[in-house]
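coords03.cif, holding mmCIF, N, CA and C atoms:
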```cif
data_work
loop_
_atom_site.label_atom_id
_atom_site.label_comp_id
_atom_site.auth_asym_id
_atom_site.auth_seq_id
_atom_site.Cartn_x
_atom_site.Cartn_y
_atom_site.Cartn_z
N ASN A 1 3.48 -6.52 -54.91
CA ASN A 1 2.94 -7.84 -55.12
C ASN A 1 3.50 -8.42 -56.42
N VAL A 2 4.83 -8.42 -56.52
CA VAL A 2 5.51 -8.93 -57.71
C VAL A 2 6.64 -9.85 -57.25
N VAL A 3 6.77 -10.98 -57.91
CA VAL A 3 7.88 -11.88 -57.65
C VAL A 3 8.81 -11.83 -58.86
N VAL A 4 10.11 -11.81 -58.60
CA VAL A 4 11.10 -11.82 -59.68
C VAL A 4 11.77 -13.19 -59.67
N LEU A 5 11.71 -13.85 -60.82
CA LEU A 5 12.26 -15.19 -60.97
C LEU A 5 13.34 -15.20 -62.04
N VAL A 6 14.27 -16.12 -61.94
CA VAL A 6 15.25 -16.35 -62.99
C VAL A 6 15.05 -17.77 -63.48
N GLU A 7 14.81 -17.90 -64.79
CA GLU A 7 14.65 -19.21 -65.41
C GLU A 7 15.66 -19.33 -66.55
N ASP A 8 15.96 -20.55 -66.94
CA ASP A 8 16.96 -20.77 -67.98
C ASP A 8 16.51 -20.28 -69.34
N GLU A 9 15.33 -20.70 -69.78
CA GLU A 9 14.85 -20.40 -71.15
C GLU A 9 13.38 -20.03 -71.12
N PRO A 10 12.95 -19.18 -72.05
CA PRO A 10 11.51 -18.92 -72.18
C PRO A 10 10.81 -20.14 -72.75
N GLU A 11 9.53 -20.28 -72.46
CA GLU A 11 8.76 -21.41 -72.97
C GLU A 11 8.53 -21.31 -74.47
N SER A 12 8.48 -20.10 -74.99
CA SER A 12 8.28 -19.91 -76.42
C SER A 12 9.62 -19.99 -77.15
N ASP A 13 9.57 -19.98 -78.46
CA ASP A 13 10.79 -20.02 -79.26
C ASP A 13 11.48 -18.67 -79.34
N GLU A 14 10.82 -17.63 -78.82
CA GLU A 14 11.42 -16.30 -78.86
C GLU A 14 12.65 -16.24 -77.97
N ASP A 15 13.58 -15.40 -78.33
CA ASP A 15 14.81 -15.25 -77.55
C ASP A 15 14.66 -14.07 -76.58
N LEU A 16 13.65 -14.16 -75.71
CA LEU A 16 13.37 -13.12 -74.74
C LEU A 16 14.41 -13.11 -73.64
N MET A 17 14.74 -11.93 -73.15
CA MET A 17 15.60 -11.83 -71.98
C MET A 17 14.78 -11.67 -70.72
N GLY A 18 13.53 -11.20 -70.86
CA GLY A 18 12.67 -11.04 -69.71
C GLY A 18 11.21 -11.02 -70.13
N LEU A 19 10.32 -11.20 -69.14
CA LEU A 19 8.89 -11.24 -69.41
C LEU A 19 8.15 -10.80 -68.16
N TYR A 20 7.12 -9.98 -68.36
CA TYR A 20 6.21 -9.60 -67.26
C TYR A 20 4.91 -10.36 -67.46
N GLU A 21 4.46 -11.04 -66.42
CA GLU A 21 3.18 -11.75 -66.44
C GLU A 21 2.33 -11.21 -65.30
N GLY A 22 1.19 -10.64 -65.65
CA GLY A 22 0.31 -10.13 -64.61
C GLY A 22 -0.58 -9.03 -65.13
N HIS A 23 -1.12 -8.27 -64.22
CA HIS A 23 -2.00 -7.15 -64.55
C HIS A 23 -1.32 -5.88 -64.07
N ALA A 24 -1.04 -5.00 -65.00
CA ALA A 24 -0.38 -3.74 -64.65
C ALA A 24 -1.20 -2.99 -63.61
N LEU A 25 -0.51 -2.22 -62.79
CA LEU A 25 -1.19 -1.45 -61.75
C LEU A 25 -2.28 -0.55 -62.34
N THR A 26 -2.06 -0.05 -63.53
CA THR A 26 -3.03 0.83 -64.17
C THR A 26 -4.28 0.10 -64.63
N GLU A 27 -4.26 -1.22 -64.67
CA GLU A 27 -5.40 -2.02 -65.12
C GLU A 27 -6.21 -2.60 -63.95
N ARG A 28 -5.76 -2.35 -62.74
CA ARG A 28 -6.42 -2.95 -61.59
C ARG A 28 -7.53 -2.05 -61.07
N GLY A 29 -8.63 -2.67 -60.74
CA GLY A 29 -9.76 -1.94 -60.19
C GLY A 29 -9.86 -2.13 -58.69
N TRP A 30 -10.91 -1.58 -58.13
CA TRP A 30 -11.11 -1.67 -56.69
C TRP A 30 -11.31 -3.11 -56.22
N ASP A 31 -11.73 -3.99 -57.12
CA ASP A 31 -12.01 -5.37 -56.75
C ASP A 31 -10.84 -6.32 -57.02
N TYR A 32 -9.68 -5.78 -57.33
CA TYR A 32 -8.51 -6.62 -57.60
C TYR A 32 -7.95 -7.11 -56.27
N ALA A 33 -8.16 -8.38 -55.97
CA ALA A 33 -7.69 -8.96 -54.71
C ALA A 33 -7.71 -10.47 -54.82
N GLY A 34 -6.97 -11.11 -53.95
CA GLY A 34 -7.00 -12.55 -53.86
C GLY A 34 -6.36 -13.28 -55.03
N VAL A 35 -5.42 -12.63 -55.70
CA VAL A 35 -4.73 -13.26 -56.83
C VAL A 35 -3.27 -13.49 -56.48
N LEU A 36 -2.67 -14.40 -57.20
CA LEU A 36 -1.25 -14.65 -57.00
C LEU A 36 -0.45 -13.43 -57.44
N PRO A 37 0.77 -13.27 -56.95
CA PRO A 37 1.58 -12.11 -57.35
C PRO A 37 1.88 -12.13 -58.84
N ASP A 38 2.04 -10.93 -59.40
CA ASP A 38 2.53 -10.82 -60.76
C ASP A 38 3.94 -11.40 -60.78
N ARG A 39 4.41 -11.75 -61.99
CA ARG A 39 5.73 -12.36 -62.12
C ARG A 39 6.58 -11.60 -63.13
N ILE A 40 7.80 -11.36 -62.76
CA ILE A 40 8.81 -10.89 -63.70
C ILE A 40 9.80 -12.03 -63.82
N ILE A 41 9.98 -12.50 -65.04
CA ILE A 41 10.90 -13.61 -65.27
C ILE A 41 12.07 -13.09 -66.08
N ILE A 42 13.26 -13.33 -65.59
CA ILE A 42 14.49 -12.99 -66.30
C ILE A 42 15.06 -14.32 -66.81
N TYR A 43 15.37 -14.36 -68.10
CA TYR A 43 15.85 -15.60 -68.72
C TYR A 43 17.37 -15.57 -68.82
N ARG A 44 17.97 -16.50 -68.12
CA ARG A 44 19.43 -16.58 -68.00
C ARG A 44 20.14 -16.85 -69.33
N ASN A 45 19.76 -17.91 -70.04
CA ASN A 45 20.51 -18.30 -71.23
C ASN A 45 20.43 -17.30 -72.37
N PRO A 46 19.26 -16.73 -72.70
CA PRO A 46 19.24 -15.70 -73.75
C PRO A 46 20.10 -14.49 -73.38
N THR A 47 20.11 -14.15 -72.10
CA THR A 47 20.95 -13.04 -71.65
C THR A 47 22.43 -13.38 -71.86
N LEU A 48 22.81 -14.58 -71.47
CA LEU A 48 24.22 -14.99 -71.65
C LEU A 48 24.60 -15.07 -73.12
N ARG A 49 23.69 -15.55 -73.96
CA ARG A 49 23.98 -15.63 -75.40
C ARG A 49 24.13 -14.25 -76.03
N GLY A 50 23.42 -13.27 -75.49
CA GLY A 50 23.45 -11.93 -76.06
C GLY A 50 24.56 -11.05 -75.53
N CYS A 51 25.37 -11.57 -74.62
CA CYS A 51 26.42 -10.77 -74.00
C CYS A 51 27.78 -11.43 -74.20
N ARG A 52 28.77 -10.62 -74.42
CA ARG A 52 30.11 -11.14 -74.72
C ARG A 52 30.93 -11.50 -73.49
N ASP A 53 30.62 -10.87 -72.33
CA ASP A 53 31.39 -11.15 -71.12
C ASP A 53 30.56 -10.81 -69.89
N GLU A 54 31.13 -11.03 -68.72
CA GLU A 54 30.42 -10.80 -67.47
C GLU A 54 29.97 -9.35 -67.31
N ALA A 55 30.81 -8.42 -67.71
CA ALA A 55 30.45 -7.00 -67.61
C ALA A 55 29.23 -6.68 -68.46
N ALA A 56 29.15 -7.28 -69.63
CA ALA A 56 27.99 -7.05 -70.51
C ALA A 56 26.72 -7.65 -69.90
N VAL A 57 26.84 -8.78 -69.21
CA VAL A 57 25.69 -9.38 -68.54
C VAL A 57 25.17 -8.43 -67.46
N ILE A 58 26.08 -7.86 -66.70
CA ILE A 58 25.70 -6.91 -65.65
C ILE A 58 25.04 -5.68 -66.28
N ASP A 59 25.60 -5.20 -67.37
CA ASP A 59 25.04 -4.03 -68.06
C ASP A 59 23.66 -4.32 -68.65
N GLU A 60 23.39 -5.55 -69.02
CA GLU A 60 22.10 -5.91 -69.61
C GLU A 60 21.04 -6.22 -68.57
N ALA A 61 21.43 -6.75 -67.43
CA ALA A 61 20.47 -7.18 -66.42
C ALA A 61 19.62 -6.04 -65.89
N ALA A 62 20.22 -4.93 -65.54
CA ALA A 62 19.46 -3.81 -64.95
C ALA A 62 18.41 -3.26 -65.91
N PRO A 63 18.73 -2.97 -67.18
CA PRO A 63 17.68 -2.48 -68.06
C PRO A 63 16.60 -3.52 -68.36
N THR A 64 16.96 -4.79 -68.36
CA THR A 64 15.95 -5.83 -68.59
C THR A 64 14.96 -5.86 -67.43
N VAL A 65 15.47 -5.86 -66.21
CA VAL A 65 14.58 -5.84 -65.04
C VAL A 65 13.76 -4.54 -65.03
N GLY A 66 14.41 -3.42 -65.32
CA GLY A 66 13.70 -2.14 -65.38
C GLY A 66 12.59 -2.14 -66.41
N HIS A 67 12.84 -2.74 -67.56
CA HIS A 67 11.85 -2.85 -68.63
C HIS A 67 10.61 -3.60 -68.13
N GLU A 68 10.83 -4.72 -67.46
CA GLU A 68 9.72 -5.53 -66.99
C GLU A 68 8.99 -4.84 -65.83
N ILE A 69 9.71 -4.13 -64.98
CA ILE A 69 9.07 -3.36 -63.90
C ILE A 69 8.20 -2.26 -64.51
N ALA A 70 8.68 -1.64 -65.59
CA ALA A 70 7.90 -0.61 -66.27
C ALA A 70 6.56 -1.17 -66.73
N HIS A 71 6.55 -2.40 -67.25
CA HIS A 71 5.29 -3.03 -67.63
C HIS A 71 4.37 -3.18 -66.42
N HIS A 72 4.92 -3.52 -65.27
CA HIS A 72 4.13 -3.66 -64.04
C HIS A 72 3.43 -2.34 -63.71
N PHE A 73 4.09 -1.23 -63.97
CA PHE A 73 3.51 0.08 -63.70
C PHE A 73 2.65 0.60 -64.85
N GLY A 74 2.46 -0.23 -65.89
CA GLY A 74 1.56 0.13 -66.97
C GLY A 74 2.21 0.93 -68.09
N ILE A 75 3.52 0.98 -68.14
CA ILE A 75 4.22 1.72 -69.18
C ILE A 75 4.39 0.81 -70.39
N GLU A 76 3.92 1.27 -71.53
CA GLU A 76 4.00 0.50 -72.77
C GLU A 76 5.35 0.71 -73.45
N HIS A 77 5.68 -0.17 -74.40
CA HIS A 77 6.97 -0.11 -75.08
C HIS A 77 7.26 1.25 -75.70
N ASP A 78 6.27 1.84 -76.35
CA ASP A 78 6.52 3.10 -77.05
C ASP A 78 6.87 4.25 -76.11
N ALA A 79 6.53 4.15 -74.83
CA ALA A 79 6.84 5.21 -73.87
C ALA A 79 8.07 4.90 -73.03
N MET A 80 8.62 3.72 -73.14
CA MET A 80 9.73 3.34 -72.28
C MET A 80 11.01 4.11 -72.54
N GLY A 81 11.20 4.60 -73.74
CA GLY A 81 12.41 5.35 -74.03
C GLY A 81 12.57 6.55 -73.11
N GLU A 82 11.48 7.08 -72.61
CA GLU A 82 11.53 8.22 -71.72
C GLU A 82 12.07 7.83 -70.34
N PHE A 83 11.92 6.57 -69.97
CA PHE A 83 12.27 6.13 -68.64
C PHE A 83 13.53 5.27 -68.57
N LEU A 84 13.80 4.53 -69.65
CA LEU A 84 14.94 3.60 -69.62
C LEU A 84 15.98 4.01 -70.62
#
```

Kindly present the structure from the file in structure tokens form.
Amino acid sequence: NVVVLVEDEPESDEDLMGLYEGHALTERGWDYAGVLPDRIIIYRNPTLRGCRDEAAVIDEAAPTVGHEIAHHFGIEHDAMGEFL
């Protein structure tokens, strides 16, 4: 129940490459139902600005998506090094 979107820029001034919006699976209870899908947003322009060429964009996209998927599964930043 996750949608992956690509948008040009984040709404904030931060230079984010991706963002997870929703409730991690580990935070959901038995009554979690009837809500819109969680969202993973990948930001095109910050990714392009942070990469020198097409190969670098490809190399950056997979870990960015993986990072946001990890948030969906309830993995916090300090534990992500084990997985990504």

Report the centre and edge lengths, in Å to one decimal, of an axis-aligned box enclosing every atom of segment 18-36 of chain A listed in the file, padded by 5 Å on each side, as lines of an AutoDock Vina configuration file.
```
center_x = 0.8
center_y = -6.9
center_z = -62.4
size_x = 35.5
size_y = 25.5
size_z = 27.0
```

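Only residues having an atom at most 6 Å from (2.0, -9.9, -57.4) are included; using all atoms listed in the file, these are Asn1, Val2, Val3, Leu36, Pro37, Asp38 and Arg39 of chain A.
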
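All residues of protein, DNA or RNA that reach within 10 Å of Phe73 of chain A, judged by only C-alpha atoms and not counting those fewer than 4 positions away in the chain, are His23, Ala24, Leu25, Thr26, Glu27, Glu68 and Ile69 of chain A.
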
Writer output for current selection, N, CA and C atoms, as a short mmCIF file (atom, residue, chain, number, x, y, z; two decimals), in the frame of the given file:
```cif
data_model
loop_
_atom_site.label_atom_id
_atom_site.label_comp_id
_atom_site.auth_asym_id
_atom_site.auth_seq_id
_atom_site.Cartn_x
_atom_site.Cartn_y
_atom_site.Cartn_z
N HIS A 23 -1.12 -8.27 -64.22
CA HIS A 23 -2.00 -7.15 -64.55
C HIS A 23 -1.32 -5.88 -64.07
N ALA A 24 -1.04 -5.00 -65.00
CA ALA A 24 -0.38 -3.74 -64.65
C ALA A 24 -1.20 -2.99 -63.61
N LEU A 25 -0.51 -2.22 -62.79
CA LEU A 25 -1.19 -1.45 -61.75
C LEU A 25 -2.28 -0.55 -62.34
N THR A 26 -2.06 -0.05 -63.53
CA THR A 26 -3.03 0.83 -64.17
C THR A 26 -4.28 0.10 -64.63
N GLU A 27 -4.26 -1.22 -64.67
CA GLU A 27 -5.40 -2.02 -65.12
C GLU A 27 -6.21 -2.60 -63.95
N GLU A 68 10.83 -4.72 -67.46
CA GLU A 68 9.72 -5.53 -66.99
C GLU A 68 8.99 -4.84 -65.83
N ILE A 69 9.71 -4.13 -64.98
CA ILE A 69 9.07 -3.36 -63.90
C ILE A 69 8.20 -2.26 -64.51
#
```

Just say which residues the PyMOL selection byres ((chain A and resi 61-65) around 8) picks in this file, as a PDB file with N, CA and C atoms, keeping the file's coordinate frame.
```pdb
ATOM      1  N   MET A  17      14.740 -11.930 -73.150  1.00  0.00           N
ATOM      2  CA  MET A  17      15.600 -11.830 -71.980  1.00  0.00           C
ATOM      3  C   MET A  17      14.780 -11.670 -70.720  1.00  0.00           C
ATOM      4  N   GLY A  18      13.530 -11.200 -70.860  1.00  0.00           N
ATOM      5  CA  GLY A  18      12.670 -11.040 -69.710  1.00  0.00           C
ATOM      6  C   GLY A  18      11.210 -11.020 -70.130  1.00  0.00           C
ATOM      7  N   LEU A  19      10.320 -11.200 -69.140  1.00  0.00           N
ATOM      8  CA  LEU A  19       8.890 -11.240 -69.410  1.00  0.00           C
ATOM      9  C   LEU A  19       8.150 -10.800 -68.160  1.00  0.00           C
ATOM     10  N   ILE A  40       7.800 -11.360 -62.760  1.00  0.00           N
ATOM     11  CA  ILE A  40       8.810 -10.890 -63.700  1.00  0.00           C
ATOM     12  C   ILE A  40       9.800 -12.030 -63.820  1.00  0.00           C
ATOM     13  N   ILE A  41       9.980 -12.500 -65.040  1.00  0.00           N
ATOM     14  CA  ILE A  41      10.900 -13.610 -65.270  1.00  0.00           C
ATOM     15  C   ILE A  41      12.070 -13.090 -66.080  1.00  0.00           C
ATOM     16  N   ILE A  42      13.260 -13.330 -65.590  1.00  0.00           N
ATOM     17  CA  ILE A  42      14.490 -12.990 -66.300  1.00  0.00           C
ATOM     18  C   ILE A  42      15.060 -14.320 -66.810  1.00  0.00           C
ATOM     19  N   THR A  47      20.110 -14.150 -72.100  1.00  0.00           N
ATOM     20  CA  THR A  47      20.950 -13.040 -71.650  1.00  0.00           C
ATOM     21  C   THR A  47      22.430 -13.380 -71.860  1.00  0.00           C
ATOM     22  N   ALA A  55      30.810  -8.420 -67.710  1.00  0.00           N
ATOM     23  CA  ALA A  55      30.450  -7.000 -67.610  1.00  0.00           C
ATOM     24  C   ALA A  55      29.230  -6.680 -68.460  1.00  0.00           C
ATOM     25  N   ALA A  56      29.150  -7.280 -69.630  1.00  0.00           N
ATOM     26  CA  ALA A  56      27.990  -7.050 -70.510  1.00  0.00           C
ATOM     27  C   ALA A  56      26.720  -7.650 -69.900  1.00  0.00           C
ATOM     28  N   VAL A  57      26.840  -8.780 -69.210  1.00  0.00           N
ATOM     29  CA  VAL A  57      25.690  -9.380 -68.540  1.00  0.00           C
ATOM     30  C   VAL A  57      25.170  -8.430 -67.460  1.00  0.00           C
ATOM     31  N   ILE A  58      26.080  -7.860 -66.700  1.00  0.00           N
ATOM     32  CA  ILE A  58      25.700  -6.910 -65.650  1.00  0.00           C
ATOM     33  C   ILE A  58      25.040  -5.680 -66.280  1.00  0.00           C
ATOM     34  N   ASP A  59      25.600  -5.200 -67.370  1.00  0.00           N
ATOM     35  CA  ASP A  59      25.040  -4.030 -68.060  1.00  0.00           C
ATOM     36  C   ASP A  59      23.660  -4.320 -68.650  1.00  0.00           C
ATOM     37  N   GLU A  60      23.390  -5.550 -69.020  1.00  0.00           N
ATOM     38  CA  GLU A  60      22.100  -5.910 -69.610  1.00  0.00           C
ATOM     39  C   GLU A  60      21.040  -6.220 -68.570  1.00  0.00           C
ATOM     40  N   GLY A  66      14.410  -3.420 -65.320  1.00  0.00           N
ATOM     41  CA  GLY A  66      13.700  -2.140 -65.380  1.00  0.00           C
ATOM     42  C   GLY A  66      12.590  -2.140 -66.410  1.00  0.00           C
ATOM     43  N   HIS A  67      12.840  -2.740 -67.560  1.00  0.00           N
ATOM     44  CA  HIS A  67      11.850  -2.850 -68.630  1.00  0.00           C
ATOM     45  C   HIS A  67      10.610  -3.600 -68.130  1.00  0.00           C
ATOM     46  N   GLU A  68      10.830  -4.720 -67.460  1.00  0.00           N
ATOM     47  CA  GLU A  68       9.720  -5.530 -66.990  1.00  0.00           C
ATOM     48  C   GLU A  68       8.990  -4.840 -65.830  1.00  0.00           C
ATOM     49  N   ILE A  69       9.710  -4.130 -64.980  1.00  0.00           N
ATOM     50  CA  ILE A  69       9.070  -3.360 -63.900  1.00  0.00           C
ATOM     51  C   ILE A  69       8.200  -2.260 -64.510  1.00  0.00           C
ATOM     52  N   ALA A  70       8.680  -1.640 -65.590  1.00  0.00           N
ATOM     53  CA  ALA A  70       7.900  -0.610 -66.270  1.00  0.00           C
ATOM     54  C   ALA A  70       6.560  -1.170 -66.730  1.00  0.00           C
ATOM     55  N   HIS A  71       6.550  -2.400 -67.250  1.00  0.00           N
ATOM     56  CA  HIS A  71       5.290  -3.030 -67.630  1.00  0.00           C
ATOM     57  C   HIS A  71       4.370  -3.180 -66.420  1.00  0.00           C
ATOM     58  N   LEU A  84      13.800   4.530 -69.650  1.00  0.00           N
ATOM     59  CA  LEU A  84      14.940   3.600 -69.620  1.00  0.00           C
ATOM     60  C   LEU A  84      15.980   4.010 -70.620  1.00  0.00           C
TER      61      LEU A  84
END
```

### Task
Would you list, as a list in words, the residues of chain A that end up in strand (DSSP E) under DSSP run on this structure's backbone?
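So, restricting chain A to strand (DSSP E), we get Val2, Val3, Val4, Leu5, Val6, Glu7, Gly18, Leu19, Tyr20, Glu21, Asp38, Arg39, Ile40, Ile41, Ile42 and Tyr43 of chain A.
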
Taking the file as shown, what set of residues would the PyMOL selection byres (((chain A and resi 15 and name CA) around 12) and name CA) give back, as a PDB file with N, CA and C atoms, keeping the file's coordinate frame?
```pdb
ATOM      1  N   ASP A   8      15.960 -20.550 -66.940  1.00  0.00           N
ATOM      2  CA  ASP A   8      16.960 -20.770 -67.980  1.00  0.00           C
ATOM      3  C   ASP A   8      16.510 -20.280 -69.340  1.00  0.00           C
ATOM      4  N   GLU A   9      15.330 -20.700 -69.780  1.00  0.00           N
ATOM      5  CA  GLU A   9      14.850 -20.400 -71.150  1.00  0.00           C
ATOM      6  C   GLU A   9      13.380 -20.030 -71.120  1.00  0.00           C
ATOM      7  N   PRO A  10      12.950 -19.180 -72.050  1.00  0.00           N
ATOM      8  CA  PRO A  10      11.510 -18.920 -72.180  1.00  0.00           C
ATOM      9  C   PRO A  10      10.810 -20.140 -72.750  1.00  0.00           C
ATOM     10  N   GLU A  11       9.530 -20.280 -72.460  1.00  0.00           N
ATOM     11  CA  GLU A  11       8.760 -21.410 -72.970  1.00  0.00           C
ATOM     12  C   GLU A  11       8.530 -21.310 -74.470  1.00  0.00           C
ATOM     13  N   SER A  12       8.480 -20.100 -74.990  1.00  0.00           N
ATOM     14  CA  SER A  12       8.280 -19.910 -76.420  1.00  0.00           C
ATOM     15  C   SER A  12       9.620 -19.990 -77.150  1.00  0.00           C
ATOM     16  N   ASP A  13       9.570 -19.980 -78.460  1.00  0.00           N
ATOM     17  CA  ASP A  13      10.790 -20.020 -79.260  1.00  0.00           C
ATOM     18  C   ASP A  13      11.480 -18.670 -79.340  1.00  0.00           C
ATOM     19  N   GLU A  14      10.820 -17.630 -78.820  1.00  0.00           N
ATOM     20  CA  GLU A  14      11.420 -16.300 -78.860  1.00  0.00           C
ATOM     21  C   GLU A  14      12.650 -16.240 -77.970  1.00  0.00           C
ATOM     22  N   LEU A  16      13.650 -14.160 -75.710  1.00  0.00           N
ATOM     23  CA  LEU A  16      13.370 -13.120 -74.740  1.00  0.00           C
ATOM     24  C   LEU A  16      14.410 -13.110 -73.640  1.00  0.00           C
ATOM     25  N   MET A  17      14.740 -11.930 -73.150  1.00  0.00           N
ATOM     26  CA  MET A  17      15.600 -11.830 -71.980  1.00  0.00           C
ATOM     27  C   MET A  17      14.780 -11.670 -70.720  1.00  0.00           C
ATOM     28  N   GLY A  18      13.530 -11.200 -70.860  1.00  0.00           N
ATOM     29  CA  GLY A  18      12.670 -11.040 -69.710  1.00  0.00           C
ATOM     30  C   GLY A  18      11.210 -11.020 -70.130  1.00  0.00           C
ATOM     31  N   LEU A  19      10.320 -11.200 -69.140  1.00  0.00           N
ATOM     32  CA  LEU A  19       8.890 -11.240 -69.410  1.00  0.00           C
ATOM     33  C   LEU A  19       8.150 -10.800 -68.160  1.00  0.00           C
ATOM     34  N   ILE A  42      13.260 -13.330 -65.590  1.00  0.00           N
ATOM     35  CA  ILE A  42      14.490 -12.990 -66.300  1.00  0.00           C
ATOM     36  C   ILE A  42      15.060 -14.320 -66.810  1.00  0.00           C
ATOM     37  N   TYR A  43      15.370 -14.360 -68.100  1.00  0.00           N
ATOM     38  CA  TYR A  43      15.850 -15.600 -68.720  1.00  0.00           C
ATOM     39  C   TYR A  43      17.370 -15.570 -68.820  1.00  0.00           C
ATOM     40  N   ARG A  44      17.970 -16.500 -68.120  1.00  0.00           N
ATOM     41  CA  ARG A  44      19.430 -16.580 -68.000  1.00  0.00           C
ATOM     42  C   ARG A  44      20.140 -16.850 -69.330  1.00  0.00           C
ATOM     43  N   ASN A  45      19.760 -17.910 -70.040  1.00  0.00           N
ATOM     44  CA  ASN A  45      20.510 -18.300 -71.230  1.00  0.00           C
ATOM     45  C   ASN A  45      20.430 -17.300 -72.370  1.00  0.00           C
ATOM     46  N   PRO A  46      19.260 -16.730 -72.700  1.00  0.00           N
ATOM     47  CA  PRO A  46      19.240 -15.700 -73.750  1.00  0.00           C
ATOM     48  C   PRO A  46      20.100 -14.490 -73.380  1.00  0.00           C
ATOM     49  N   THR A  47      20.110 -14.150 -72.100  1.00  0.00           N
ATOM     50  CA  THR A  47      20.950 -13.040 -71.650  1.00  0.00           C
ATOM     51  C   THR A  47      22.430 -13.380 -71.860  1.00  0.00           C
ATOM     52  N   LEU A  48      22.810 -14.580 -71.470  1.00  0.00           N
ATOM     53  CA  LEU A  48      24.220 -14.990 -71.650  1.00  0.00           C
ATOM     54  C   LEU A  48      24.600 -15.070 -73.120  1.00  0.00           C
ATOM     55  N   ARG A  49      23.690 -15.550 -73.960  1.00  0.00           N
ATOM     56  CA  ARG A  49      23.980 -15.630 -75.400  1.00  0.00           C
ATOM     57  C   ARG A  49      24.130 -14.250 -76.030  1.00  0.00           C
ATOM     58  N   GLY A  50      23.420 -13.270 -75.490  1.00  0.00           N
ATOM     59  CA  GLY A  50      23.450 -11.930 -76.060  1.00  0.00           C
ATOM     60  C   GLY A  50      24.560 -11.050 -75.530  1.00  0.00           C
TER      61      GLY A  50
END
```

### Message
Please identify the helix (DSSP H, G or I) residues within chain A (assignment by DSSP from backbone atoms) and present them as JSON, numbers by chain.
### Response
{"A": [25, 26, 27, 44, 45, 46, 47, 48, 49, 54, 55, 56, 57, 58, 59, 60, 61, 62, 63, 64, 65, 66, 67, 68, 69, 70, 71, 72, 77, 78, 79, 80]}

### Task
Please measure the separation of atom C of Glu7 of chain A and atom C of Tyr20 of chain A, giving the value in Å to one decimal.
14.0 Å

### Task
In Å, rounded to a single decimal, give me how far atom C of Glu21 of chain A is from atom CA of Val35 of chain A.
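Atom C of Glu21 of chain A lies 11.2 Å from atom CA of Val35 of chain A.
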
Please extract segment 73-77 of chain A and write it out with all heavy atoms, as a short mmCIF file (atom, residue, chain, number, x, y, z; two decimals), in the first residue's frame.
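In the end it all went to out.cif:
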```cif
data_model
loop_
_atom_site.label_atom_id
_atom_site.label_comp_id
_atom_site.auth_asym_id
_atom_site.auth_seq_id
_atom_site.Cartn_x
_atom_site.Cartn_y
_atom_site.Cartn_z
N PHE A 73 9.26 0.17 6.13
CA PHE A 73 9.34 -1.03 6.96
C PHE A 73 9.75 -0.73 8.40
O PHE A 73 9.96 -1.65 9.19
CB PHE A 73 10.29 -2.04 6.33
CG PHE A 73 9.69 -2.74 5.15
CD1 PHE A 73 10.05 -2.38 3.86
CD2 PHE A 73 8.75 -3.74 5.32
CE1 PHE A 73 9.49 -3.02 2.76
CE2 PHE A 73 8.17 -4.37 4.22
CZ PHE A 73 8.55 -4.01 2.94
N GLY A 74 9.87 0.55 8.74
CA GLY A 74 10.14 0.94 10.12
C GLY A 74 11.61 0.99 10.49
O GLY A 74 11.95 1.06 11.66
N ILE A 75 12.49 0.97 9.52
CA ILE A 75 13.93 1.02 9.79
C ILE A 75 14.35 2.47 9.91
O ILE A 75 14.12 3.28 9.01
CB ILE A 75 14.72 0.30 8.67
CG1 ILE A 75 14.27 -1.16 8.60
CG2 ILE A 75 16.21 0.42 8.91
CD1 ILE A 75 14.80 -1.91 7.40
N GLU A 76 14.97 2.81 11.03
CA GLU A 76 15.41 4.18 11.28
C GLU A 76 16.79 4.42 10.66
O GLU A 76 17.51 3.48 10.34
CB GLU A 76 15.46 4.44 12.79
CG GLU A 76 14.12 4.30 13.48
CD GLU A 76 13.10 5.33 13.03
OE1 GLU A 76 13.49 6.45 12.64
OE2 GLU A 76 11.89 5.02 13.06
N HIS A 77 17.16 5.69 10.54
CA HIS A 77 18.43 6.06 9.91
C HIS A 77 19.63 5.36 10.53
O HIS A 77 20.51 4.90 9.81
CB HIS A 77 18.64 7.58 9.97
CG HIS A 77 17.81 8.32 8.99
ND1 HIS A 77 16.80 9.16 9.36
CD2 HIS A 77 17.83 8.34 7.64
CE1 HIS A 77 16.23 9.67 8.30
NE2 HIS A 77 16.83 9.19 7.22
#
```
